[in-house]
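> I have a structure here, written as structure tokens, and I will follow up with some questions on it.
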Amino acid sequence: MDNSEVIAGIKKKFPDIGALSISQDYQDETGIEVDPRAFREICLGLHETLASPVMMLFAVDERKERGRFVMKSVFMNFRSAQWIIVSAGIPQESPSFDSLAKTAHSASLFEREVREMFGIEPMGNPDTRRLNLHDEVWPLNSYPLRKDFKEARGGVAGEYKFGRVDGEGVFEVPVGPVHAGIIGPGHFRFSAAGEPIINLELRLGFTHRGVEKLFEGKGYLDAIRLSERVSGDSSFAHSLAFTHASEKIAGVSIPARAMYLRGLFLELERMYNHANDIGGMAIDVGFSFPAAYASIIKEAILQLNERLAGNRYLKDVNAVGGVLVDMDEAKRQALLYSLKGIKRDFRELVKMLYSSVSFMDRVDTTGVLRRKTAEDLGVVGLVGRASGIAVDLRRHYPGIYGESGFKMAAQESGDVLARLRVRIFEFQESCRLIEEFTGRLIKGDRVRVSPGSKAGSALGYVEGWRGPVLYWLKTDSAGLIERCKIVDPSFHNWQALSYAVLGNIIPDFPLCNKSFDLSYSGNDL
Amino acid sequence: MTRILKNRILKGVVTRNIGPGLSGEIETAGLELKSLIWKRFGRSLNIREVDTGSCGACESEIISANNPIYDLQRFGISFVASPRHADALLVTGPVSKNMLIALKKTYEAMPAPKFVVTCGDCALDGGMFKGSYYVEGGIKDILPVALHISGCPPSPLKIARALSVFLQKGAGG
């Protein structure tokens, strides 16, 4: 079912929504402009028809140009490899819109974000607490993403209200924001009776740096550098999603060689992170030898990155129109040689884990995220694939992946073991893809110069190692960024963690957490 | 178990086996560090790490500094779980407003003598995030900083070297 059929279906379903203004902005992106009163109905209709979570929901401040805010909601039509973006103009006086959260839970956090950043009220959202702007340090009625925002000081009195579980023998365990390991900050509030967890509430936002605001007014060069620093372990995926959006706006089609090089680096990023997480799971059950073994693999890939791209974390590789590094014969040989060793080590690592009864006992049936829960929460990416949600942008939006016979990982059980299996499968698949891509690297340009700056907006997307990384970008006629909305898969998946741990014991929390391995900085922005 | 033993033997000691140029450098940087730590801190330097809004790349490199290839621990540097066990605080990130209180509290919880090391370009002055509405920008305005390790992120080797040079100068002891 492609976008036009979906929209025809929506029109039929809601005969009295009035006129829809439909624009096919790009081949993979359809925009629908609706009356604000119909915004909720249409979004929920698409949510149901497409079986897509609310992938993005955000606001744009257009008060200066057109005297209004605009709400935008993005849905994925993976069956036809397209996206649908619903927009509605919101009047600037006491702005509000009807909340989707009670029906589509995946909209809930987005609505809270719109509320705190723009002061647009989601009418009917039961949770009005702020996400990233913590009450302790930020005043009320200061909305940093509004264009006329200057500065704000001071906090609000009172304490953040956590959900509370009362009853005999129930106690709370607060953890964070500073954790015991070398890891990002976040606060976890456990309620437990005896050993099992009966409730877990997350409070994040501790690494909020105002990234989206910092993008505004920047040109492409600076913006790419910033995107590489949104989430340090996904710097390539983030810069790729950003450049994808800007290439769509500029109308540049990138050369084939650059496409394969990008695919290659994207898979290398996936591999070092998967190796890191598999080692992390081993260390969280106290199985130290395989953990050390995995860190050797990770280091080998990081050094390979440095050899190929001049940077261990693949920064300064992407540019609008292609890539800045090339692959000569010496590099190609080095890559294939290292890959051979990495594959051999990885096989041994997997054997060690699978043949250890005590390790398997710890990961099997631990931290189960059921498919229904995952769907309700709008879980995406790797965690979704472990719970039976078979969606991977690499498969559905194929490009170079389709030609290379990409195989998607899929598991049903949703426990730590399933997430481990997805990682192992994807690691091995990435090795194969890299070999394929290296074989297909035809001679040619690796970067195509863009034909100058243009005003416009577009959605950039890429399947990073955690899941889909999305950038919605709007530029002015000088090519400077007016608005950049970023969604890291972590933003969709953090809430799912608090469901996966229910009934598990607190000592298993680190293991469950590592099996998700979500980004703090990508979530908090 | 036999598989672990087999791999242990087959893998050998990776710490020296990573390529002649690189491993030589690690050894020299590390051995200097070891003798200095012996002298100044009585065999061990315990570090507590705090992320005040970093993107995670610095954390990844600090963890890498503890992997079997760089293995900082053999020189007497360990990363501890509590500020109460720490001699030094290693801070990354541009200090998000939300982390200001937590950072100060962590520092206060450390027993004296103590010193602060900042790691990564953001921690110096906010880096790419300088001027944001939510970033304090630079740890030196909040805590007394004894050493800064530059880089985005600094490599594990750079972290080891910087600590070594710093201890040589006699600061912090």
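By order in the structure tokens, chains are A, B, ...; within a chain, residues start at 1; ligands start at 1, following the order shown.
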Show me, as an MDAnalysis selection string, the residues of chain A whose atoms get within 7 Å of chain B, using only C-alpha atoms for the distance check.

chainID A and resid 134 137 151 178 180:185 206:210 214 226 229:233 292 295:296 352 521

> Stretch 177-407 of chain A: which residues are strand (DSSP E) by DSSP, as a PyMOL selection string?

chain A and resi 187-193+197-203+318-319+322-323

> Show me, as a compact mmCIF listing (two decimals) with N, CA and C atoms, in the first residue's frame, the residues that have an atom within 12 Å of A:Lys343 when counting only C-alpha atoms, minus same-chain residues fewer than 6 positions from it.


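Below is the file that was written, result.txt:
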# COMPACT_ATOMS: atom_id res chain seq x y z
N MET A 271 29.10 -2.77 14.28
CA MET A 271 29.89 -3.89 14.80
C MET A 271 30.60 -3.55 16.10
N ALA A 275 29.72 -5.50 19.60
CA ALA A 275 30.77 -6.21 20.34
C ALA A 275 30.85 -5.67 21.77
N ALA A 294 35.62 -9.65 24.22
CA ALA A 294 34.81 -8.75 23.41
C ALA A 294 35.44 -7.37 23.31
N ILE A 297 37.91 -7.30 20.62
CA ILE A 297 37.26 -7.17 19.30
C ILE A 297 36.88 -5.72 19.05
N LYS A 298 36.30 -5.09 20.07
CA LYS A 298 35.89 -3.70 19.91
C LYS A 298 37.09 -2.83 19.57
N ALA A 300 39.84 -3.71 18.20
CA ALA A 300 40.31 -4.00 16.83
C ALA A 300 39.49 -3.21 15.81
N ILE A 301 38.17 -3.12 16.03
CA ILE A 301 37.33 -2.39 15.07
C ILE A 301 37.60 -0.89 15.17
N LEU A 335 41.46 -3.73 5.51
CA LEU A 335 40.10 -3.99 5.98
C LEU A 335 39.78 -5.47 5.93
N LEU A 336 40.05 -6.09 4.78
CA LEU A 336 39.69 -7.51 4.63
C LEU A 336 40.51 -8.37 5.58
N TYR A 337 41.77 -7.98 5.78
CA TYR A 337 42.62 -8.75 6.67
C TYR A 337 42.12 -8.65 8.11
N LEU A 349 34.01 -16.02 20.66
CA LEU A 349 33.26 -15.33 21.72
C LEU A 349 31.86 -15.92 21.85
N VAL A 350 31.20 -16.10 20.72
CA VAL A 350 29.84 -16.63 20.73
C VAL A 350 29.83 -18.04 21.31
N ILE A 424 24.17 -10.77 17.85
CA ILE A 424 25.13 -11.71 17.26
C ILE A 424 24.85 -11.87 15.77
N PHE A 427 25.84 -8.70 13.90
CA PHE A 427 27.29 -8.55 13.80
C PHE A 427 27.80 -9.36 12.61
N GLN A 428 27.33 -10.62 12.55
CA GLN A 428 27.81 -11.48 11.48
C GLN A 428 27.32 -11.01 10.12
N GLU A 429 26.08 -10.50 10.11
CA GLU A 429 25.53 -9.98 8.86
C GLU A 429 26.31 -8.73 8.42
N SER A 430 26.70 -7.91 9.39
CA SER A 430 27.48 -6.71 9.05
C SER A 430 28.81 -7.09 8.42
N CYS A 431 29.46 -8.13 8.96
CA CYS A 431 30.73 -8.60 8.38
C CYS A 431 30.52 -8.96 6.91
N ARG A 432 29.43 -9.69 6.66
CA ARG A 432 29.16 -10.12 5.30
C ARG A 432 28.88 -8.91 4.40
N ILE A 434 29.88 -5.86 4.74
CA ILE A 434 31.10 -5.08 4.47
C ILE A 434 31.89 -5.73 3.35
N GLU A 435 31.96 -7.05 3.38
CA GLU A 435 32.67 -7.74 2.29
C GLU A 435 31.98 -7.49 0.95

> Could you pull the residues within 7 Å of A:Asp284, counting only C-alpha atoms, minus those fewer than 3 positions along the same chain, as a PyMOL selection string?

chain A and resi 280-281+510-511

> Could you dump the residues just selected with C-alpha atoms as a PDB file, in the first residue's frame?


ATOM      1  CA  GLY A 280      28.854  -5.703  28.604  1.00  0.00           C
ATOM      2  CA  MET A 281      26.240  -8.406  29.072  1.00  0.00           C
ATOM      3  CA  PRO A 510      22.264  -3.845  34.940  1.00  0.00           C
ATOM      4  CA  LEU A 511      21.968  -6.869  32.671  1.00  0.00           C
TER       5      LEU A 511
END

> Select, from B:Ile149, B:Ile9, B:Leu72, B:Ile47, the residue with the minimum atom-to-atom distance to B:Cys119, counting only C-alpha atoms.

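Among the listed residues, the smallest separation from B:Cys119 belongs to B:Ile149.
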
> Skipping near chain neighbours, those fewer than 3 positions away, what residues fall within 10 Å of A:Arg395 using only C-alpha atoms, listed as a list of chain:residue names?

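These residues fall inside the cut-off: A:Phe78, A:Ala81, A:Ala390, A:Val391, A:Asp392, A:Pro398, A:Gly399, A:Ile400, A:Tyr401, A:Gly402, A:Gly405, A:Phe406, A:Lys407, A:Met408, A:Glu463.
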
> Between atom CA of A:Asp508 and atom CA of A:Arg347, what is the distance, to one decimal in Å?

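Separating atom CA of A:Asp508 from atom CA of A:Arg347 is a distance of 26.1 Å.
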
> Measure the distance from atom CA of A:Leu57 to atom CA of A:Lys150 in Å and round it to one decimal.

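These two atoms are separated by 24.4 Å.
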
> Here is a test: counting only C-alpha atoms, which residue of A:Leu441, A:Lys454, A:Lys351, A:Ala193 is nearest to A:Glu329?

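Residue with the minimum atom-to-atom distance to A:Glu329: A:Leu441.
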
> May I have all residues of chain B that DSSP, computed from the backbone, assigns to helix (DSSP H, G or I), given as a PyMOL selection string?

chain B and resi 2-11+14-16+20-41+57-65+72-75+83-85+97-109+121-125+127-129+156-169

> Keeping only C-alpha atoms, take the residues you just selected and write them out as a PDB file, in the first residue's frame.


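See selection36.pdb below for the written result:
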ATOM      1  CA  THR B   2      38.107 -25.871  28.233  1.00  0.00           C
ATOM      2  CA  ARG B   3      37.073 -23.408  25.561  1.00  0.00           C
ATOM      3  CA  ILE B   4      38.002 -20.482  27.780  1.00  0.00           C
ATOM      4  CA  LEU B   5      41.357 -22.093  28.540  1.00  0.00           C
ATOM      5  CA  LYS B   6      41.943 -22.786  24.878  1.00  0.00           C
ATOM      6  CA  ASN B   7      41.157 -19.216  23.890  1.00  0.00           C
ATOM      7  CA  ARG B   8      43.206 -17.882  26.757  1.00  0.00           C
ATOM      8  CA  ILE B   9      46.245 -19.756  25.502  1.00  0.00           C
ATOM      9  CA  LEU B  10      45.633 -19.082  21.829  1.00  0.00           C
ATOM     10  CA  LYS B  11      45.058 -15.379  22.357  1.00  0.00           C
ATOM     11  CA  VAL B  14      47.335  -9.018  23.703  1.00  0.00           C
ATOM     12  CA  THR B  15      48.678  -6.168  25.748  1.00  0.00           C
ATOM     13  CA  ARG B  16      51.989  -6.346  23.929  1.00  0.00           C
ATOM     14  CA  PRO B  20      55.282  -2.804  17.599  1.00  0.00           C
ATOM     15  CA  GLY B  21      55.047   0.994  17.373  1.00  0.00           C
ATOM     16  CA  LEU B  22      51.927   1.361  19.429  1.00  0.00           C
ATOM     17  CA  SER B  23      52.663  -1.089  22.199  1.00  0.00           C
ATOM     18  CA  GLY B  24      56.093   0.440  22.804  1.00  0.00           C
ATOM     19  CA  GLU B  25      54.455   3.777  23.453  1.00  0.00           C
ATOM     20  CA  ILE B  26      51.940   2.338  25.866  1.00  0.00           C
ATOM     21  CA  GLU B  27      54.653   0.655  27.837  1.00  0.00           C
ATOM     22  CA  THR B  28      56.790   3.780  28.226  1.00  0.00           C
ATOM     23  CA  ALA B  29      53.884   6.034  29.099  1.00  0.00           C
ATOM     24  CA  GLY B  30      52.579   3.427  31.495  1.00  0.00           C
ATOM     25  CA  LEU B  31      55.804   2.607  33.307  1.00  0.00           C
ATOM     26  CA  GLU B  32      56.526   6.252  34.028  1.00  0.00           C
ATOM     27  CA  LEU B  33      53.034   6.506  35.369  1.00  0.00           C
ATOM     28  CA  LYS B  34      53.495   3.510  37.585  1.00  0.00           C
ATOM     29  CA  SER B  35      56.618   4.799  39.305  1.00  0.00           C
ATOM     30  CA  LEU B  36      55.037   8.195  39.866  1.00  0.00           C
ATOM     31  CA  ILE B  37      51.885   6.720  41.300  1.00  0.00           C
ATOM     32  CA  TRP B  38      53.972   4.565  43.609  1.00  0.00           C
ATOM     33  CA  LYS B  39      55.759   7.620  44.904  1.00  0.00           C
ATOM     34  CA  ARG B  40      52.879  10.018  45.239  1.00  0.00           C
ATOM     35  CA  PHE B  41      49.813   7.976  45.965  1.00  0.00           C
ATOM     36  CA  ALA B  57      32.571   9.077  23.261  1.00  0.00           C
ATOM     37  CA  CYS B  58      34.877  10.111  26.133  1.00  0.00           C
ATOM     38  CA  GLU B  59      33.330   7.398  28.299  1.00  0.00           C
ATOM     39  CA  SER B  60      33.940   4.885  25.566  1.00  0.00           C
ATOM     40  CA  GLU B  61      37.630   5.855  25.403  1.00  0.00           C
ATOM     41  CA  ILE B  62      38.036   5.795  29.179  1.00  0.00           C
ATOM     42  CA  ILE B  63      36.571   2.288  29.179  1.00  0.00           C
ATOM     43  CA  SER B  64      38.913   1.396  26.312  1.00  0.00           C
ATOM     44  CA  ALA B  65      41.860   2.573  28.405  1.00  0.00           C
ATOM     45  CA  LEU B  72      45.682   1.125  32.710  1.00  0.00           C
ATOM     46  CA  GLN B  73      45.099  -0.896  35.841  1.00  0.00           C
ATOM     47  CA  ARG B  74      48.494  -2.605  35.662  1.00  0.00           C
ATOM     48  CA  PHE B  75      50.061   0.802  36.328  1.00  0.00           C
ATOM     49  CA  PRO B  83      33.596   9.173  45.148  1.00  0.00           C
ATOM     50  CA  ARG B  84      34.390   8.162  48.732  1.00  0.00           C
ATOM     51  CA  HIS B  85      37.075   5.813  47.422  1.00  0.00           C
ATOM     52  CA  LYS B  97      22.461  22.598  34.141  1.00  0.00           C
ATOM     53  CA  ASN B  98      20.825  19.392  35.329  1.00  0.00           C
ATOM     54  CA  MET B  99      24.181  17.931  36.371  1.00  0.00           C
ATOM     55  CA  LEU B 100      25.555  20.916  38.264  1.00  0.00           C
ATOM     56  CA  ILE B 101      24.310  19.844  41.690  1.00  0.00           C
ATOM     57  CA  ALA B 102      25.288  16.214  41.164  1.00  0.00           C
ATOM     58  CA  LEU B 103      28.796  17.260  40.106  1.00  0.00           C
ATOM     59  CA  LYS B 104      29.315  19.446  43.171  1.00  0.00           C
ATOM     60  CA  LYS B 105      27.952  16.764  45.492  1.00  0.00           C
ATOM     61  CA  THR B 106      30.238  14.140  43.999  1.00  0.00           C
ATOM     62  CA  TYR B 107      33.241  16.401  44.544  1.00  0.00           C
ATOM     63  CA  GLU B 108      32.218  17.157  48.113  1.00  0.00           C
ATOM     64  CA  ALA B 109      31.863  13.448  48.859  1.00  0.00           C
ATOM     65  CA  ASP B 121      37.018  19.382  24.579  1.00  0.00           C
ATOM     66  CA  CYS B 122      33.508  19.974  25.969  1.00  0.00           C
ATOM     67  CA  ALA B 123      34.797  19.826  29.524  1.00  0.00           C
ATOM     68  CA  LEU B 124      37.255  22.653  28.873  1.00  0.00           C
ATOM     69  CA  ASP B 125      34.825  25.385  27.849  1.00  0.00           C
ATOM     70  CA  GLY B 127      33.256  22.833  23.159  1.00  0.00           C
ATOM     71  CA  MET B 128      30.625  22.602  20.441  1.00  0.00           C
ATOM     72  CA  PHE B 129      27.957  23.249  23.058  1.00  0.00           C
ATOM     73  CA  PRO B 156      43.224   5.881  25.557  1.00  0.00           C
ATOM     74  CA  LEU B 157      46.908   6.403  24.945  1.00  0.00           C
ATOM     75  CA  LYS B 158      46.532  10.144  25.283  1.00  0.00           C
ATOM     76  CA  ILE B 159      44.689   9.723  28.567  1.00  0.00           C
ATOM     77  CA  ALA B 160      47.517   7.591  29.973  1.00  0.00           C
ATOM     78  CA  ARG B 161      50.213   9.979  28.744  1.00  0.00           C
ATOM     79  CA  ALA B 162      48.514  13.101  30.011  1.00  0.00           C
ATOM     80  CA  LEU B 163      48.174  11.636  33.489  1.00  0.00           C
ATOM     81  CA  SER B 164      51.811  10.621  33.457  1.00  0.00           C
ATOM     82  CA  VAL B 165      53.130  14.022  32.407  1.00  0.00           C
ATOM     83  CA  PHE B 166      50.902  15.705  34.937  1.00  0.00           C
ATOM     84  CA  LEU B 167      52.099  13.607  37.849  1.00  0.00           C
ATOM     85  CA  GLN B 168      55.693  14.258  36.799  1.00  0.00           C
ATOM     86  CA  LYS B 169      55.169  17.969  37.161  1.00  0.00           C
TER      87      LYS B 169
END

> I'd like to know which of B:Gly138, B:Gly120, B:Pro111, B:Gly76 is closest to B:Ser44, using only C-alpha atoms.

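Counting only C-alpha atoms, the residue closest to B:Ser44 is B:Gly76.
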
> Residues at most 10 Å from A:Glu136, counting only C-alpha atoms, excluding those fewer than 2 positions away in the same chain, as a ChimeraX atom specification?

/A:133-134,138-139,154-160 /B:97-98,101

> Produce a file of the selected residues containing N, CA and C atoms, as a compact mmCIF listing (two decimals), in the first residue's frame.


# COMPACT_ATOMS: atom_id res chain seq x y z
N LEU A 133 13.95 19.85 30.83
CA LEU A 133 14.17 21.07 31.60
C LEU A 133 13.74 20.77 33.03
N HIS A 134 14.68 20.46 33.87
CA HIS A 134 14.33 20.06 35.23
C HIS A 134 13.87 21.27 36.05
N TRP A 138 15.26 25.31 36.10
CA TRP A 138 14.67 26.04 34.97
C TRP A 138 13.31 26.63 35.37
N PRO A 139 13.08 27.91 35.10
CA PRO A 139 11.81 28.52 35.51
C PRO A 139 10.64 28.08 34.63
N GLY A 154 17.09 30.50 37.14
CA GLY A 154 16.39 30.10 38.36
C GLY A 154 15.48 28.91 38.16
N GLY A 155 15.13 28.27 39.26
CA GLY A 155 14.30 27.08 39.16
C GLY A 155 12.94 27.29 39.80
N VAL A 156 12.23 26.21 39.97
CA VAL A 156 10.91 26.22 40.57
C VAL A 156 11.01 25.45 41.87
N ALA A 157 10.36 25.96 42.90
CA ALA A 157 10.38 25.24 44.18
C ALA A 157 9.58 23.95 44.07
N GLY A 158 9.87 23.02 44.94
CA GLY A 158 9.10 21.77 44.95
C GLY A 158 9.91 20.64 44.37
N GLU A 159 9.42 19.43 44.58
CA GLU A 159 10.19 18.26 44.17
C GLU A 159 9.54 17.57 42.98
N TYR A 160 10.34 16.89 42.18
CA TYR A 160 9.82 16.11 41.06
C TYR A 160 8.98 14.97 41.63
N LYS B 97 23.00 22.02 32.90
CA LYS B 97 22.46 22.60 34.14
C LYS B 97 21.97 21.51 35.09
N ASN B 98 21.39 20.45 34.50
CA ASN B 98 20.83 19.39 35.33
C ASN B 98 21.88 18.64 36.13
N ILE B 101 24.39 20.23 40.27
CA ILE B 101 24.31 19.84 41.69
C ILE B 101 24.99 18.50 41.91

> Could you list, as an MDAnalysis selection string, every residue within 10 Å of stretch 358-365 of chain A, counting only C-alpha atoms and ignoring same-chain residues fewer than 4 positions away?

chainID A and resid 281:282 284:287 352:354 369 413:420 504 508 511:512 515

> Which residue, A:Arg307, A:Met71, A:Tyr461, A:Ile506, has the smallest gap to A:Glu29 when you use only C-alpha atoms?

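Among A:Arg307, A:Met71, A:Tyr461, A:Ile506, it is A:Tyr461 that comes nearest to A:Glu29.
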